[in-house]
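Q: Dropping in query.txt, with compact mmCIF, C-alpha atoms.
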# COMPACT_ATOMS: atom_id res chain seq x y z
CA MET A 1 96.71 129.80 110.59
CA ALA A 2 98.83 132.82 109.86
CA LYS A 3 99.47 133.69 106.22
CA PHE A 4 102.74 135.22 105.07
CA PHE A 5 103.25 136.76 101.64
CA LYS A 6 106.56 137.42 99.97
CA ASN A 7 105.42 140.72 98.48
CA PRO A 8 102.41 143.08 98.30
CA PHE A 9 101.44 141.74 94.85
CA GLU A 10 101.08 138.23 96.28
CA TRP A 11 98.84 139.63 99.04
CA ILE A 12 96.63 141.42 96.50
CA VAL A 13 96.37 138.37 94.25
CA GLY A 14 95.48 136.20 97.26
CA LYS A 15 92.87 138.72 98.36
CA PHE A 16 91.02 138.43 95.06
CA SER A 17 91.46 134.67 94.55
CA VAL A 18 88.94 132.05 95.62
CA ASP A 19 90.48 129.25 97.71
CA MET A 20 89.13 125.87 96.70
CA GLY A 21 89.00 122.16 97.37
CA ILE A 22 89.61 119.94 94.34
CA ASP A 23 88.70 116.29 93.91
CA LEU A 24 91.14 115.51 91.10
CA GLY A 25 89.67 112.24 89.91
CA THR A 26 90.47 109.82 87.12
CA ALA A 27 86.95 110.13 85.72
CA ASN A 28 85.78 113.55 86.95
CA THR A 29 87.21 116.66 88.59
CA LEU A 30 85.05 118.47 91.15
CA VAL A 31 85.76 121.91 92.59
CA CYS A 32 84.20 123.14 95.83
CA ILE A 33 84.39 126.67 97.29
CA LYS A 34 83.22 128.29 100.51
CA ASP A 35 79.56 129.35 100.77
CA ARG A 36 78.76 127.91 97.31
CA GLY A 37 79.62 124.24 97.57
CA ILE A 38 80.28 122.35 94.32
CA VAL A 39 80.77 124.90 91.55
CA LEU A 40 82.33 122.65 88.93
CA ASN A 41 81.90 118.96 88.11
CA GLU A 42 83.38 117.98 84.77
CA PRO A 43 85.07 114.94 83.21
CA SER A 44 88.87 114.76 83.57
CA VAL A 45 89.33 114.79 79.81
CA VAL A 46 91.28 117.10 77.47
CA ALA A 47 91.19 117.13 73.65
CA VAL A 48 94.49 117.99 71.95
CA ARG A 49 96.07 117.96 68.51
CA LYS A 50 97.73 114.58 68.09
CA GLY A 51 101.46 114.63 68.78
CA THR A 52 101.25 117.94 70.65
CA ASN A 53 99.89 119.32 73.92
CA GLU A 54 97.88 122.02 72.15
CA VAL A 55 94.32 122.02 73.48
CA VAL A 56 91.82 122.38 70.64
CA LEU A 57 88.88 124.80 70.43
CA ASP A 58 91.24 127.61 71.44
CA GLY A 59 92.04 125.92 74.73
CA ARG A 60 88.38 125.23 75.60
CA ALA A 61 88.25 121.49 74.79
CA VAL A 62 88.42 120.46 78.44
CA GLY A 63 85.92 118.62 80.61
CA LEU A 64 82.43 118.20 79.18
CA ALA A 65 83.40 119.50 75.74
CA ALA A 66 86.28 117.02 75.54
CA LYS A 67 84.35 114.00 76.83
CA GLU A 68 81.87 114.31 73.99
CA MET A 69 84.83 113.72 71.66
CA LEU A 70 86.00 110.45 73.29
CA GLY A 71 86.17 107.78 70.59
CA LYS A 72 84.90 110.21 67.95
CA THR A 73 87.89 112.43 67.15
CA PRO A 74 89.03 112.89 63.53
CA VAL A 75 92.55 112.20 62.31
CA GLY A 76 95.02 114.61 63.92
CA MET A 77 93.07 115.02 67.17
CA GLU A 78 92.71 112.92 70.31
CA ALA A 79 90.79 113.09 73.58
CA ILE A 80 93.04 112.25 76.54
CA ARG A 81 92.40 111.26 80.14
CA PRO A 82 95.54 112.70 81.81
CA LEU A 83 95.02 110.71 85.02
CA ARG A 84 95.13 106.93 85.23
CA ASN A 85 94.39 104.90 88.36
CA GLY A 86 94.16 108.11 90.37
CA VAL A 87 97.64 109.37 89.46
CA ILE A 88 98.98 111.76 86.82
CA ALA A 89 99.86 109.99 83.59
CA ASP A 90 100.43 113.18 81.58
CA PHE A 91 101.99 116.04 83.54
CA GLU A 92 101.53 118.86 80.97
CA ILE A 93 97.93 117.98 80.09
CA THR A 94 96.99 117.77 83.78
CA GLU A 95 98.49 121.21 84.32
CA LYS A 96 96.46 122.66 81.44
CA MET A 97 93.29 120.98 82.69
CA LEU A 98 93.78 122.38 86.21
CA ARG A 99 94.57 125.84 84.84
CA TYR A 100 91.36 125.74 82.78
CA PHE A 101 89.25 124.74 85.80
CA ILE A 102 90.87 127.32 88.13
CA THR A 103 90.36 130.06 85.54
CA LYS A 104 86.75 128.97 84.96
CA VAL A 105 85.96 129.20 88.68
CA HIS A 106 87.50 132.70 88.68
CA GLU A 107 85.31 133.71 85.71
CA GLY A 108 88.20 134.06 83.29
CA ARG A 109 90.71 135.82 85.58
CA THR A 110 93.97 134.18 84.49
CA TRP A 111 96.03 135.87 87.23
CA ALA A 112 94.15 134.20 90.10
CA ALA A 113 96.37 132.36 92.59
CA PRO A 114 94.20 130.46 95.10
CA GLN A 115 95.12 128.15 97.92
CA VAL A 116 93.95 124.67 96.98
CA VAL A 117 93.42 121.38 98.76
CA ILE A 118 93.69 118.41 96.39
CA SER A 119 92.67 114.85 97.19
CA ILE A 120 95.09 112.05 96.31
CA PRO A 121 94.91 108.23 96.51
CA SER A 122 96.36 106.90 99.75
CA GLY A 123 98.72 104.52 97.98
CA ILE A 124 100.64 106.92 95.72
CA THR A 125 104.39 107.43 95.90
CA ALA A 126 106.33 110.53 96.96
CA VAL A 127 107.14 111.18 93.30
CA GLU A 128 103.46 111.02 92.37
CA ARG A 129 102.58 113.38 95.23
CA ARG A 130 105.18 115.86 93.99
CA ALA A 131 103.73 115.61 90.46
CA VAL A 132 100.30 116.67 91.79
CA ILE A 133 101.79 119.61 93.70
CA ASN A 134 103.89 120.75 90.74
CA SER A 135 100.95 120.55 88.34
CA ALA A 136 98.76 122.62 90.66
CA GLU A 137 101.48 125.24 91.26
CA ARG A 138 102.21 125.57 87.54
CA ALA A 139 98.46 125.88 86.95
CA GLY A 140 98.38 128.96 89.20
CA ALA A 141 97.88 127.76 92.79
CA ARG A 142 99.90 129.82 95.29
CA LYS A 143 99.82 127.09 97.93
CA VAL A 144 98.89 123.42 97.67
CA TYR A 145 97.74 121.07 100.42
CA LEU A 146 97.25 117.36 99.81
CA ILE A 147 94.73 115.15 101.59
CA GLU A 148 94.31 111.43 101.07
CA GLU A 149 91.01 110.55 99.43
CA PRO A 150 89.57 108.25 102.11
CA LEU A 151 90.15 110.87 104.80
CA ALA A 152 88.58 113.55 102.58
CA ALA A 153 85.61 111.29 101.91
CA GLY A 154 85.19 110.56 105.61
CA ILE A 155 85.25 114.28 106.41
CA GLY A 156 82.86 114.98 103.53
CA VAL A 157 80.21 112.52 104.75
CA ARG A 158 80.60 113.83 108.32
CA LEU A 159 82.05 110.72 109.90
CA PRO A 160 83.55 111.44 113.37
CA VAL A 161 87.08 111.24 111.95
CA THR A 162 88.68 113.35 114.73
CA ALA A 163 87.13 111.32 117.55
CA PRO A 164 88.88 108.38 119.29
CA ARG A 165 86.40 106.05 117.63
CA GLY A 166 86.77 103.82 114.60
CA SER A 167 84.79 104.43 111.42
CA MET A 168 85.25 102.94 107.97
CA ILE A 169 85.00 104.60 104.57
CA VAL A 170 85.13 102.97 101.14
CA ASP A 171 85.56 105.49 98.33
CA ILE A 172 84.98 103.85 94.93
CA GLY A 173 86.21 106.35 92.37
CA GLY A 174 87.05 106.06 88.70
CA GLY A 175 90.63 104.83 88.98
CA THR A 176 90.99 103.57 92.56
CA THR A 177 88.97 102.12 95.40
CA GLU A 178 90.18 103.68 98.64
CA VAL A 179 89.41 101.72 101.80
CA ALA A 180 90.29 103.12 105.21
CA VAL A 181 89.55 102.77 108.89
CA LEU A 182 89.66 106.26 110.42
CA SER A 183 90.26 107.49 113.96
CA LEU A 184 91.74 110.64 115.54
CA ALA A 185 92.02 112.46 112.17
CA GLY A 186 94.14 109.75 110.63
CA MET A 187 94.04 106.34 108.97
CA VAL A 188 94.44 103.37 111.30
CA ALA A 189 94.43 100.91 108.39
CA SER A 190 94.02 101.43 104.66
CA THR A 191 94.16 99.78 101.26
CA SER A 192 94.38 101.53 97.89
CA LEU A 193 93.16 99.26 95.10
CA ARG A 194 93.57 100.20 91.44
CA VAL A 195 90.26 98.56 90.61
CA ALA A 196 87.26 100.90 90.52
CA GLY A 197 84.71 102.48 88.17
CA ASP A 198 86.92 102.29 85.07
CA SER A 199 87.55 98.61 85.80
CA LEU A 200 83.79 98.00 85.87
CA ASP A 201 83.49 99.65 82.45
CA GLU A 202 86.37 97.57 81.08
CA ALA A 203 84.77 94.38 82.41
CA ILE A 204 81.57 95.22 80.51
CA ILE A 205 83.56 95.87 77.30
CA VAL A 206 85.33 92.50 77.64
CA TYR A 207 82.05 90.67 78.36
CA CYS A 208 80.25 92.15 75.35
CA LYS A 209 83.07 91.12 73.04
CA ARG A 210 83.39 87.64 74.54
CA GLU A 211 79.70 86.76 74.83
CA HIS A 212 78.14 88.81 72.02
CA ASN A 213 81.07 89.39 69.65
CA LEU A 214 80.24 93.08 69.95
CA GLN A 215 82.76 95.88 70.47
CA VAL A 216 81.43 98.76 72.56
CA GLY A 217 83.20 101.99 73.52
CA GLU A 218 83.95 103.46 76.96
CA GLN A 219 80.93 105.74 76.95
CA TRP A 220 78.54 102.91 76.04
CA ALA A 221 80.05 100.70 78.74
CA GLU A 222 79.50 103.45 81.31
CA LYS A 223 75.93 103.91 80.09
CA ILE A 224 75.27 100.17 80.50
CA LYS A 225 76.72 100.19 84.03
CA ILE A 226 74.57 103.14 85.08
CA LYS A 227 71.34 101.93 83.46
CA ILE A 228 71.27 98.20 84.30
CA GLY A 229 74.44 97.44 86.29
CA SER A 230 74.24 95.79 89.73
CA ALA A 231 76.36 93.90 92.25
CA PHE A 232 73.46 92.05 93.91
CA PRO A 233 70.33 90.35 92.51
CA LEU A 234 67.56 92.83 91.74
CA GLU A 235 63.91 92.47 92.69
CA GLN A 236 63.08 93.15 89.07
CA GLU A 237 65.80 92.42 86.52
CA MET A 238 66.23 94.76 83.56
CA ALA A 239 67.45 94.77 79.96
CA MET A 240 68.53 97.30 77.36
CA ASP A 241 69.51 97.43 73.72
CA ILE A 242 73.20 98.19 73.25
CA ARG A 243 75.00 99.27 70.09
CA GLY A 244 78.52 98.88 68.80
CA SER A 245 80.46 97.23 66.00
CA ASP A 246 80.62 93.54 65.17
CA ALA A 247 84.01 92.24 66.33
CA THR A 248 84.35 90.11 63.18
CA THR A 249 82.97 92.26 60.37
CA GLY A 250 83.31 95.74 61.91
CA MET A 251 79.72 96.51 60.87
CA PRO A 252 77.35 98.40 63.23
CA ARG A 253 75.15 96.03 65.24
CA GLN A 254 72.64 96.08 68.11
CA VAL A 255 71.97 93.40 70.73
CA GLU A 256 69.97 93.10 73.95
CA LEU A 257 71.88 92.91 77.23
CA THR A 258 70.29 91.90 80.55
CA SER A 259 71.12 93.05 84.08
CA GLU A 260 71.97 89.43 84.99
CA GLU A 261 74.64 89.45 82.27
CA VAL A 262 76.07 92.76 83.45
CA ARG A 263 76.21 91.46 87.04
CA GLU A 264 78.15 88.45 85.77
CA ALA A 265 80.51 90.77 83.88
CA LEU A 266 81.15 92.82 87.03
CA LEU A 267 81.67 89.85 89.33
CA ILE A 268 85.50 89.82 89.33
CA PRO A 269 86.12 93.56 89.97
CA VAL A 270 83.37 93.63 92.64
CA ARG A 271 84.98 90.63 94.38
CA GLN A 272 88.36 92.41 94.26
CA MET A 273 86.83 95.45 95.97
CA ILE A 274 85.25 93.29 98.67
CA SER A 275 88.56 91.49 99.18
CA ALA A 276 90.28 94.87 99.75
CA ILE A 277 87.63 95.72 102.36
CA ARG A 278 88.14 92.41 104.17
CA THR A 279 91.93 92.90 104.09
CA THR A 280 91.61 96.36 105.63
CA LEU A 281 89.22 95.12 108.31
CA ALA A 282 91.73 92.43 109.25
CA LYS A 283 94.41 95.11 109.81
CA ALA A 284 92.31 97.03 112.34
CA PRO A 285 93.13 96.59 116.07
CA PRO A 286 90.48 94.85 118.26
CA GLU A 287 89.16 98.06 119.89
CA ILE A 288 88.58 99.64 116.47
CA SER A 289 86.96 96.44 115.18
CA ALA A 290 84.55 96.60 118.11
CA ASP A 291 83.59 100.14 117.08
CA LEU A 292 83.03 99.09 113.46
CA CYS A 293 80.45 96.50 114.51
CA GLU A 294 78.35 99.51 115.53
CA THR A 295 79.44 102.31 113.16
CA GLY A 296 79.56 100.07 110.10
CA ILE A 297 80.93 100.79 106.63
CA THR A 298 80.10 103.95 104.66
CA LEU A 299 80.37 103.96 100.86
CA ALA A 300 81.27 107.06 98.83
CA GLY A 301 82.36 107.84 95.28
CA GLY A 302 80.58 107.20 91.98
CA GLY A 303 80.99 103.43 92.36
CA ALA A 304 78.79 103.54 95.49
CA LEU A 305 75.87 104.19 93.13
CA LEU A 306 76.17 100.71 91.59
CA ARG A 307 72.93 98.96 92.53
CA GLY A 308 73.28 96.54 95.43
CA ILE A 309 76.97 97.19 96.11
CA ASP A 310 76.12 97.91 99.76
CA LYS A 311 74.17 94.64 100.05
CA ALA A 312 76.99 92.65 98.46
CA ILE A 313 79.56 94.12 100.88
CA GLN A 314 77.32 93.62 103.91
CA GLN A 315 76.65 90.00 102.95
CA GLU A 316 80.39 89.27 102.69
CA THR A 317 81.56 91.18 105.78
CA GLN A 318 78.52 90.84 108.07
CA ILE A 319 78.99 94.53 108.96
CA PRO A 320 76.22 97.14 108.46
CA THR A 321 76.93 98.98 105.19
CA ARG A 322 75.32 102.15 103.88
CA VAL A 323 75.72 104.45 100.90
CA ALA A 324 76.53 108.03 101.92
CA GLU A 325 74.22 110.86 100.98
CA ASP A 326 75.40 112.37 97.68
CA PRO A 327 78.38 109.99 97.42
CA LEU A 328 79.69 111.55 94.21
CA THR A 329 80.63 114.81 95.92
CA ALA A 330 81.88 113.40 99.24
CA VAL A 331 85.59 113.84 98.54
CA ALA A 332 85.18 117.35 97.12
CA ARG A 333 83.13 118.44 100.14
CA GLY A 334 85.76 116.93 102.41
CA THR A 335 88.56 118.92 100.77
CA LEU A 336 86.66 122.16 101.40
CA ILE A 337 85.96 121.34 105.07
CA PHE A 338 89.64 120.48 105.40
CA LEU A 339 90.61 123.84 103.87
CA GLU A 340 88.31 125.70 106.23
CA ASN A 341 89.73 123.87 109.28
CA LEU A 342 93.46 123.71 108.60
CA GLU A 343 94.31 124.13 112.29
CA GLU A 344 92.13 121.22 113.36
CA PHE A 345 93.48 118.91 110.68
CA GLY A 346 97.05 120.27 110.83
CA LYS A 347 98.54 116.97 111.95
CA VAL A 348 97.60 115.25 108.70
CA LEU A 349 98.59 118.04 106.30
CA GLY A 350 100.70 117.46 103.22
CA THR A 351 101.97 120.64 101.57
CA GLY A 352 104.15 121.70 98.74
CA GLU A 353 106.65 123.24 101.11
Would you write the structure of this file as structure tokens?
A:
Amino acid sequence: MAKFFKNPFEWIVGKFSVDMGIDLGTANTLVCIKDRGIVLNEPSVVAVRKGTNEVVLDGRAVGLAAKEMLGKTPVGMEAIRPLRNGVIADFEITEKMLRYFITKVHEGRTWAAPQVVISIPSGITAVERRAVINSAERAGARKVYLIEEPLAAGIGVRLPVTAPRGSMIVDIGGGTTEVAVLSLAGMVASTSLRVAGDSLDEAIIVYCKREHNLQVGEQWAEKIKIKIGSAFPLEQEMAMDIRGSDATTGMPRQVELTSEEVREALLIPVRQMISAIRTTLAKAPPEISADLCETGITLAGGGALLRGIDKAIQQETQIPTRVAEDPLTAVARGTLIFLENLEEFGKVLGTGE
């Protein structure tokens, strides 16, 4: 694809900038560049002075440094997740977070102006798409391409998305579960559900308060999900000690939580995800449905790592279901492949122009 620059300075800046694919997620942001793969994987969190958009630690309280502050900030400071349900909730903070990540990839060069491909949920509005483009441009990107997350995930896990053959991807992220049937470099049927990894964490928080009168924070809920969470009965059930504050007295307290309890806590959001998959399958035309009986369902995203989620989906749909290799990075890898093959995927481009 030919590149045109308005002036020699733009050409020079482009020459020394690293084009990148960005998985701008509710929970984590991943950046992928040519020949190096994933070069950045950090939480989508920014710590600011309360009432302002001033990033603390001299602008360095972004990502990992900021996540450590979640729920632990002193008066006058707060840790913010600028994306909710896969879309931008805080425009200025998102811009600063993107600028920090772009500068970090360029080893501190603040004048870098790369081309970027950013993944977006398939169900977002035109206004929300424009907000992503504007944030990226204000953060320093010279050109922005958008790709819908399920298509990026399908490309990232090497599904035959450009072939006249149906394949299905389920990307369970932090804010949304993206379900799509893909064929000929596009989505034949899709569903974007705002129930995903964060919803699983919230379900654990609610369960602990209801059943154990214990208040736990977001980070503890995530830790519980990762350590003993499951969507299908385990061969050997597990348990762990969890800590939080008594919901009545506010005093610190510890209780034991079992994997059976966590599975019960996660039942409703898991059923909602499966319902979205069934709805999307029902939208697919007969010829595509015939393909899916053979190609099956591929799971990507951090939620795909929940124990037994593939078995639960397969049991409900009666369609072979597998977890993709390295599901956490599938979308980011897909954005980079998309960037490297703009001509091939030109028909599904979304740009800031």
Q: Using Å and a single decimal, report how far CA of Arg271 in chain A sits from CA of Leu292 in chain A.
A: 21.0 Å
Q: Using 12 Å as the limit and counting only C-alpha atoms, can you tabulate each residue of range 30-72 of chain A that touches range 78-97 of chain A, with its shortest atom-to-atom distance in Å and the two atoms involved, as a Markdown table?
A:
| residue | atom | partner | partner_atom | distance |
| --- | --- | --- | --- | --- |
| A:Glu42 | CA | A:Met97 | CA | 10.6 |
| A:Pro43 | CA | A:Arg81 | CA | 8.8 |
| A:Ser44 | CA | A:Arg81 | CA | 6.0 |
| A:Val45 | CA | A:Arg81 | CA | 4.7 |
| A:Val46 | CA | A:Ile80 | CA | 5.2 |
| A:Ala47 | CA | A:Ala79 | CA | 4.1 |
| A:Val48 | CA | A:Glu78 | CA | 5.6 |
| A:Arg49 | CA | A:Glu78 | CA | 6.3 |
| A:Lys50 | CA | A:Glu78 | CA | 5.7 |
| A:Gly51 | CA | A:Glu78 | CA | 9.0 |
| A:Thr52 | CA | A:Glu78 | CA | 9.9 |
| A:Asn53 | CA | A:Ile93 | CA | 6.6 |
| A:Glu54 | CA | A:Ile93 | CA | 8.9 |
| A:Val55 | CA | A:Lys96 | CA | 8.3 |
| A:Val56 | CA | A:Glu78 | CA | 9.5 |
| A:Gly59 | CA | A:Lys96 | CA | 8.7 |
| A:Arg60 | CA | A:Met97 | CA | 9.6 |
| A:Ala61 | CA | A:Ala79 | CA | 8.9 |
| A:Val62 | CA | A:Met97 | CA | 6.5 |
| A:Gly63 | CA | A:Met97 | CA | 8.0 |
| A:Leu64 | CA | A:Ala79 | CA | 11.3 |
| A:Ala65 | CA | A:Ala79 | CA | 10.0 |
| A:Ala66 | CA | A:Ala79 | CA | 6.3 |
| A:Lys67 | CA | A:Ala79 | CA | 7.3 |
| A:Glu68 | CA | A:Ala79 | CA | 9.0 |
| A:Met69 | CA | A:Ala79 | CA | 6.3 |
| A:Leu70 | CA | A:Ala79 | CA | 5.5 |
| A:Gly71 | CA | A:Ala79 | CA | 7.6 |
| A:Lys72 | CA | A:Glu78 | CA | 8.6 |
Q: Could you dump the residues just selected with C-alpha atoms as an mmCIF file, in the frame of the given file?
A:
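Listed below is the output, selection-v3.cif:
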data_model
loop_
_atom_site.group_PDB
_atom_site.id
_atom_site.type_symbol
_atom_site.label_atom_id
_atom_site.label_comp_id
_atom_site.auth_asym_id
_atom_site.auth_seq_id
_atom_site.Cartn_x
_atom_site.Cartn_y
_atom_site.Cartn_z
ATOM 1 C CA GLU A 42 83.380 117.980 84.770
ATOM 2 C CA PRO A 43 85.070 114.940 83.210
ATOM 3 C CA SER A 44 88.870 114.760 83.570
ATOM 4 C CA VAL A 45 89.330 114.790 79.810
ATOM 5 C CA VAL A 46 91.280 117.100 77.470
ATOM 6 C CA ALA A 47 91.190 117.130 73.650
ATOM 7 C CA VAL A 48 94.490 117.990 71.950
ATOM 8 C CA ARG A 49 96.070 117.960 68.510
ATOM 9 C CA LYS A 50 97.730 114.580 68.090
ATOM 10 C CA GLY A 51 101.460 114.630 68.780
ATOM 11 C CA THR A 52 101.250 117.940 70.650
ATOM 12 C CA ASN A 53 99.890 119.320 73.920
ATOM 13 C CA GLU A 54 97.880 122.020 72.150
ATOM 14 C CA VAL A 55 94.320 122.020 73.480
ATOM 15 C CA VAL A 56 91.820 122.380 70.640
ATOM 16 C CA GLY A 59 92.040 125.920 74.730
ATOM 17 C CA ARG A 60 88.380 125.230 75.600
ATOM 18 C CA ALA A 61 88.250 121.490 74.790
ATOM 19 C CA VAL A 62 88.420 120.460 78.440
ATOM 20 C CA GLY A 63 85.920 118.620 80.610
ATOM 21 C CA LEU A 64 82.430 118.200 79.180
ATOM 22 C CA ALA A 65 83.400 119.500 75.740
ATOM 23 C CA ALA A 66 86.280 117.020 75.540
ATOM 24 C CA LYS A 67 84.350 114.000 76.830
ATOM 25 C CA GLU A 68 81.870 114.310 73.990
ATOM 26 C CA MET A 69 84.830 113.720 71.660
ATOM 27 C CA LEU A 70 86.000 110.450 73.290
ATOM 28 C CA GLY A 71 86.170 107.780 70.590
ATOM 29 C CA LYS A 72 84.900 110.210 67.950
#
Q: Expressed in Å to a single decimal, how great is the separation between CA of Ala247 in chain A and CA of Glu264 in chain A?
A: 20.7 Å
Q: What are the closest atom pairs, with distances in Å to one decimal, for all residues of range 57-161 of chain A lying within 10 Å of range 165-179 of chain A? Consider all atoms listed in the file, order rows by chain and residue number, and present the result as a Markdown table.
A:
| residue | atom | partner | partner_atom | distance |
| --- | --- | --- | --- | --- |
| A:Leu83 | CA | A:Gly175 | CA | 8.3 |
| A:Arg84 | CA | A:Gly175 | CA | 6.2 |
| A:Asn85 | CA | A:Gly175 | CA | 3.8 |
| A:Gly86 | CA | A:Gly175 | CA | 5.0 |
| A:Val87 | CA | A:Gly175 | CA | 8.4 |
| A:Ile120 | CA | A:Glu178 | CA | 10.0 |
| A:Pro121 | CA | A:Glu178 | CA | 6.9 |
| A:Ser122 | CA | A:Glu178 | CA | 7.1 |
| A:Gly123 | CA | A:Glu178 | CA | 8.6 |
| A:Glu148 | CA | A:Glu178 | CA | 9.1 |
| A:Glu149 | CA | A:Glu178 | CA | 7.0 |
| A:Pro150 | CA | A:Glu178 | CA | 5.8 |
| A:Leu151 | CA | A:Ile169 | CA | 8.1 |
| A:Ala152 | CA | A:Asp171 | CA | 9.6 |
| A:Ala153 | CA | A:Asp171 | CA | 6.8 |
| A:Gly154 | CA | A:Ile169 | CA | 6.1 |
| A:Ile155 | CA | A:Ile169 | CA | 9.9 |
| A:Val157 | CA | A:Ile169 | CA | 9.3 |
| A:Leu159 | CA | A:Ser167 | CA | 7.0 |
| A:Pro160 | CA | A:Ser167 | CA | 7.4 |
| A:Val161 | CA | A:Ser167 | CA | 7.2 |
Q: Could you state the separation of CA of Asn28 in chain A and CA of Ala332 in chain A in Å, given to one decimal place?
A: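 These atoms are spaced 10.9 Å apart.
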Q: Name the residues in contact with Val188 in chain A at a cut-off of 7 Å, using all atoms listed in the file, excluding same-chain residues fewer than 6 positions from it; report them as a PyMOL selection string.
A: chain A and resi 181-182+284
Q: Could you check the closest approach to Thr191 in chain A for each of A:Tyr100, A:Thr321, A:Ala282, A:Ile242 and tell me which residue wins, using only C-alpha atoms?
A: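 Closest residue, counting only C-alpha atoms: A:Ala282.
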Q: Which one of A:Asn134, A:Thr162, A:Thr29, A:Thr110 sits closest to Glu344 in chain A if you count all atoms listed in the file?
A: A:Thr162
Q: Find the spatial neighbours of range 333-342 of chain A, counting all atoms listed in the file, within a cut-off of 9 Å - ignore same-chain residues fewer than 4 positions away - and output them as a PyMOL selection string.
A: chain A and resi 1+19-23+31-34+37-38+115-119+145-147+149+151-158+329+346+349
Q: Taking only C-alpha atoms into account, which of A:Val206, A:Leu24, A:Leu200, A:Pro320 comes nearest Ala136 in chain A?
A: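 Nearest candidate to Ala136 in chain A out of A:Val206, A:Leu24, A:Leu200, A:Pro320: A:Leu24.
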Q: For Val270 in chain A, which residue out of A:Thr258, A:Gln219, A:Ser245, A:Ser199 is the nearest one, using only C-alpha atoms?
A: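 Of the candidates, the smallest distance to Val270 in chain A is held by A:Ser199.
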Q: Which one is closest to Ala113 in chain A: A:Ile309, A:Ala185, A:Ala141, A:Leu193? Count only C-alpha atoms.
A: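 Distance minimum relative to Ala113 in chain A lands on A:Ala141.
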